[in-house]
Each structure stands twice: as structure tokens, then as C-alpha cells.
file run.pdb (PDB, C-alpha atoms)
ATOM      1  CA  MET O   1       2.343  35.838  10.991
ATOM      2  CA  PRO O   2       0.195  38.353  12.905
ATOM      3  CA  ARG O   3      -3.425  37.434  13.531
ATOM      4  CA  PHE O   4      -6.252  39.979  13.400
ATOM      5  CA  PHE O   5      -9.484  40.056  15.411
ATOM      6  CA  CYS O   6     -12.636  42.148  15.148
ATOM      7  CA  ASP O   7     -12.883  44.690  17.999
ATOM      8  CA  ASN O   8     -16.651  44.281  18.052
ATOM      9  CA  CYS O   9     -17.239  40.494  18.101
ATOM     10  CA  ASN O  10     -13.705  39.044  18.627
ATOM     11  CA  LYS O  11     -13.877  36.864  15.496
ATOM     12  CA  GLU O  12     -10.524  36.210  13.840
ATOM     13  CA  VAL O  13     -10.430  37.945  10.445
ATOM     14  CA  SER O  14      -8.041  38.155   7.530
ATOM     15  CA  SER O  15      -5.706  41.136   7.309
ATOM     16  CA  THR O  16      -7.223  41.893   3.901
ATOM     17  CA  ASP O  17     -10.872  41.961   5.069
ATOM     18  CA  SER O  18     -12.563  45.348   4.974
ATOM     19  CA  LEU O  19     -15.638  44.136   6.912
ATOM     20  CA  CYS O  20     -16.021  41.571   9.681
ATOM     21  CA  PRO O  21     -17.646  38.456   8.189
ATOM     22  CA  ARG O  22     -19.609  37.840  11.425
ATOM     23  CA  CYS O  23     -20.906  41.265  12.529
ATOM     24  CA  GLY O  24     -20.267  43.434   9.439
ATOM     25  CA  ARG O  25     -18.215  46.097  11.273
ATOM     26  CA  PRO O  26     -15.939  48.008   8.863
ATOM     27  CA  PHE O  27     -12.177  47.972   9.508
ATOM     28  CA  ASN O  28     -10.253  51.219   9.160
ATOM     29  CA  ASP O  29      -7.262  50.683  11.434
ATOM     30  CA  VAL O  30      -5.514  47.965  13.388
ATOM     31  CA  LEU O  31      -5.179  48.313  17.179
ATOM     32  CA  CYS O  32      -2.217  46.797  19.046
ATOM     33  CA  PRO O  33      -3.603  45.138  22.203
ATOM     34  CA  ARG O  34      -0.338  45.697  24.072
ATOM     35  CA  CYS O  35       0.492  49.393  23.533
ATOM     36  CA  GLY O  36      -2.720  50.757  21.937
ATOM     37  CA  PHE O  37      -1.006  52.005  18.746
ATOM     38  CA  THR O  38      -3.391  52.252  15.788
ATOM     39  CA  GLY O  39      -2.514  52.346  12.123
ATOM     40  CA  VAL O  40      -3.211  50.889   8.709
ATOM     41  CA  PRO O  41      -2.831  47.101   8.406
ATOM     42  CA  THR O  42       0.295  47.342   6.246
ATOM     43  CA  LEU O  43       2.179  48.854   9.218
ATOM     44  CA  PHE O  44       1.499  45.650  11.173
ATOM     45  CA  SER O  45       2.763  43.176   8.551
ATOM     46  CA  ARG O  46       5.615  42.097  10.882
ATOM     47  CA  GLY O  47       3.955  42.911  14.205
ATOM     48  CA  CYS O  48       3.392  46.218  15.988
ATOM     49  CA  PRO O  49       5.848  48.867  14.712
ATOM     50  CA  VAL O  50       5.905  50.576  18.139
ATOM     51  CA  CYS O  51       6.219  47.814  20.742
ATOM     52  CA  GLY O  52       7.033  44.807  18.522
ATOM     53  CA  TYR O  53       4.025  42.763  19.650
ATOM     54  CA  MET O  54       3.656  39.660  17.475
ATOM     55  CA  SER O  55       6.989  40.282  15.713
ATOM     56  CA  PRO O  56       8.771  37.080  14.699
ATOM     57  CA  PRO O  57      11.552  36.083  17.124
ATOM     58  CA  LYS O  58      14.919  37.473  16.067
ATOM     59  CA  ASN O  59      16.865  34.291  16.858
ATOM     60  CA  ALA O  60      14.465  31.721  15.403
ATOM     61  CA  PRO O  61      13.727  32.215  11.681
ATOM     62  CA  GLY O  62      10.604  30.460  10.480
ATOM     63  CA  ILE O  63       9.018  30.225  13.944
ATOM     64  CA  SER O  64       6.091  32.508  14.533
ATOM     65  CA  ALA O  65       5.510  34.503  17.698
ATOM     66  CA  SER O  66       2.957  33.539  20.328
ATOM     67  CA  PRO O  67      -0.666  33.794  19.161
ATOM     68  CA  LEU O  68      -2.410  37.097  19.479
ATOM     69  CA  ALA O  69      -5.003  37.299  22.214
ATOM     70  CA  PRO O  70      -8.369  38.625  21.085
ATOM     71  CA  ALA O  71      -8.542  42.396  21.058
ATOM     72  CA  ARG O  72     -10.027  44.236  24.002
ATOM     73  CA  LYS O  73     -13.721  44.885  23.651
ATOM     74  CA  ASN O  74     -13.769  48.129  25.623
ATOM     75  CA  ARG O  75     -13.025  50.330  22.565
ATOM     76  CA  THR O  76     -16.192  50.042  20.532
ATOM     77  CA  GLN O  77     -16.525  53.771  19.815
ATOM     78  CA  PRO O  78     -14.097  55.906  17.804
ATOM     79  CA  ARG O  79     -11.763  58.258  19.611
ATOM     80  CA  LEU O  80     -12.884  61.838  20.225
ATOM     81  CA  SER O  81     -11.513  64.646  18.099
ATOM     82  CA  PRO O  82      -8.935  66.992  19.667
ATOM     83  CA  TRP O  83     -11.355  69.934  19.449
ATOM     84  CA  VAL O  84     -13.628  68.197  21.991
ATOM     85  CA  PHE O  85     -10.806  68.226  24.534
ATOM     86  CA  LEU O  86      -9.969  71.848  23.732
ATOM     87  CA  ALA O  87     -13.609  72.867  24.188
ATOM     88  CA  ALA O  88     -13.755  71.050  27.533
ATOM     89  CA  ILE O  89     -10.572  72.765  28.738
ATOM     90  CA  ALA O  90     -11.893  76.154  27.599
ATOM     91  CA  GLY O  91     -15.181  75.543  29.425
ATOM     92  CA  LEU O  92     -13.355  74.574  32.600
ATOM     93  CA  GLY O  93     -11.175  77.673  32.292
ATOM     94  CA  LEU O  94     -14.232  79.903  31.973
ATOM     95  CA  ALA O  95     -15.890  78.247  34.966
ATOM     96  CA  LEU O  96     -12.737  78.700  37.049
ATOM     97  CA  ALA O  97     -12.469  82.360  35.997
ATOM     98  CA  ALA O  98     -16.127  82.984  36.944
ATOM     99  CA  PHE O  99     -15.593  81.306  40.312
ATOM    100  CA  ALA O 100     -12.449  83.389  40.980
ATOM    101  CA  TYR O 101     -14.308  86.575  39.971
ATOM    102  CA  ALA O 102     -17.176  85.718  42.325
ATOM    103  CA  LEU O 103     -14.732  85.190  45.195
ATOM    104  CA  MET O 104     -13.008  88.530  44.551
ATOM    105  CA  ARG O 105     -16.293  90.452  44.599
ATOM    106  CA  ARG O 106     -17.044  89.389  48.183
TER     107      ARG O 106
END
call {"tool": "encode", "arguments": {"input": "run.pdb", "output": "C-alpha cells"}}
result
Amino acid sequence: MPRFFCDNCNKEVSSTDSLCPRCGRPFNDVLCPRCGFTGVPTLFSRGCPVCGYMSPPKNAPGISASPLAPARKNRTQPRLSPWVFLAAIAGLGLALAAFAYALMRR
């Protein structure tokens, strides 16, 4: 059975909890500590659907997989929206165009 940990305080929590009982952080998604895949808890009912982390062994029914290490604490802020990256790329493009224009005017 997969085990779940709070990203903020590392306390083990139930898969049905919506808030961490220790620090009160709300849970929206589950993060796989191995591959970084995020999704709703129901996707992780038999381990990570992408890399198989914490999936039960195929040749040993009834034996659970190795315990889950506490989640990494370096992701305490939500991911940035794609428009932030697009704005940064556009800004860099404009800066590069201005630099090229300044070089051509010499």
C-alpha cells in the first residue's frame, strides 16, 4: 500500500486527508519522489502510474513494496504557469533583437 507524506512538514498522512494534520497545508496533488509526476491521489492507488514507484511486486502477491521515503522538501511553492515562461522567452527575444540592432547601427 502506498504511503503519503506532506511536502511541507514530512508527516505521514492518509491518502484521504485533504489537509495535513500537523501543519494544515492543503493537498491538491500527489508528487512521485522518483520521477516527479503529479496527479490526483486516485492515480496513485497502486503506486506511480508513470514509473511504478511503490507498486506491489509482480511476483509476490500480498507483499508490499519498500516503504516510501519522505517527499523532497525543495518543492514548497506551486509550479509556474506556462505564460510566465513564454513572457520570459519573449523578453529575451526582444533584448536580443535590440542588441543585434545596436550592433548593426555601428
call {"tool": "closest_residue", "arguments": {"input": "run.pdb", "among": "O:Leu80, O:Arg3, O:Ala90, O:Thr16", "to": "Gly47 in chain O", "atoms": "all atoms listed in the file"}}
result
O:Arg3
call {"tool": "resolve_selection", "arguments": {"input": "run.pdb", "expression": "the PyMOL selection byres ((chain O and resi 36) around 12)", "output": "list of chain:residue names"}}
result
O:Asp29, O:Val30, O:Leu31, O:Cys32, O:Pro33, O:Arg34, O:Cys35, O:Phe37, O:Thr38, O:Gly39, O:Cys48, O:Pro49, O:Val50, O:Cys51, O:Gly52, O:Tyr53, O:Ala71, O:Arg72, O:Asn74, O:Arg75, O:Arg79
call {"tool": "resolve_selection", "arguments": {"input": "run.pdb", "expression": "the PyMOL selection byres ((chain O and resi 45) around 10)", "output": "VMD selection string"}}
result
chain O and resid 1 to 3 15 40 to 44 46 to 49 54 to 55
call {"tool": "axis_aligned_box", "arguments": {"input": "run.pdb", "around": "range 27-46 of chain O", "padding_each_side": "8 Å", "output": "AutoDock Vina command-line options"}}
result
--center_x -3.3 --center_y 47.2 --center_z 15.2 --size_x 33.8 --size_y 26.2 --size_z 33.8
call {"tool": "resolve_selection", "arguments": {"input": "run.pdb", "expression": "the PyMOL selection byres ((chain O and resi 24) around 12)", "output": "PyMOL selection string"}}
result
chain O and resi 6-9+11+13+17-23+25-27
call {"tool": "atom_distance", "arguments": {"input": "run.pdb", "atom1": "CA of Leu96 in chain O", "atom2": "CA of Trp83 in chain O"}}
result
19.7 Å
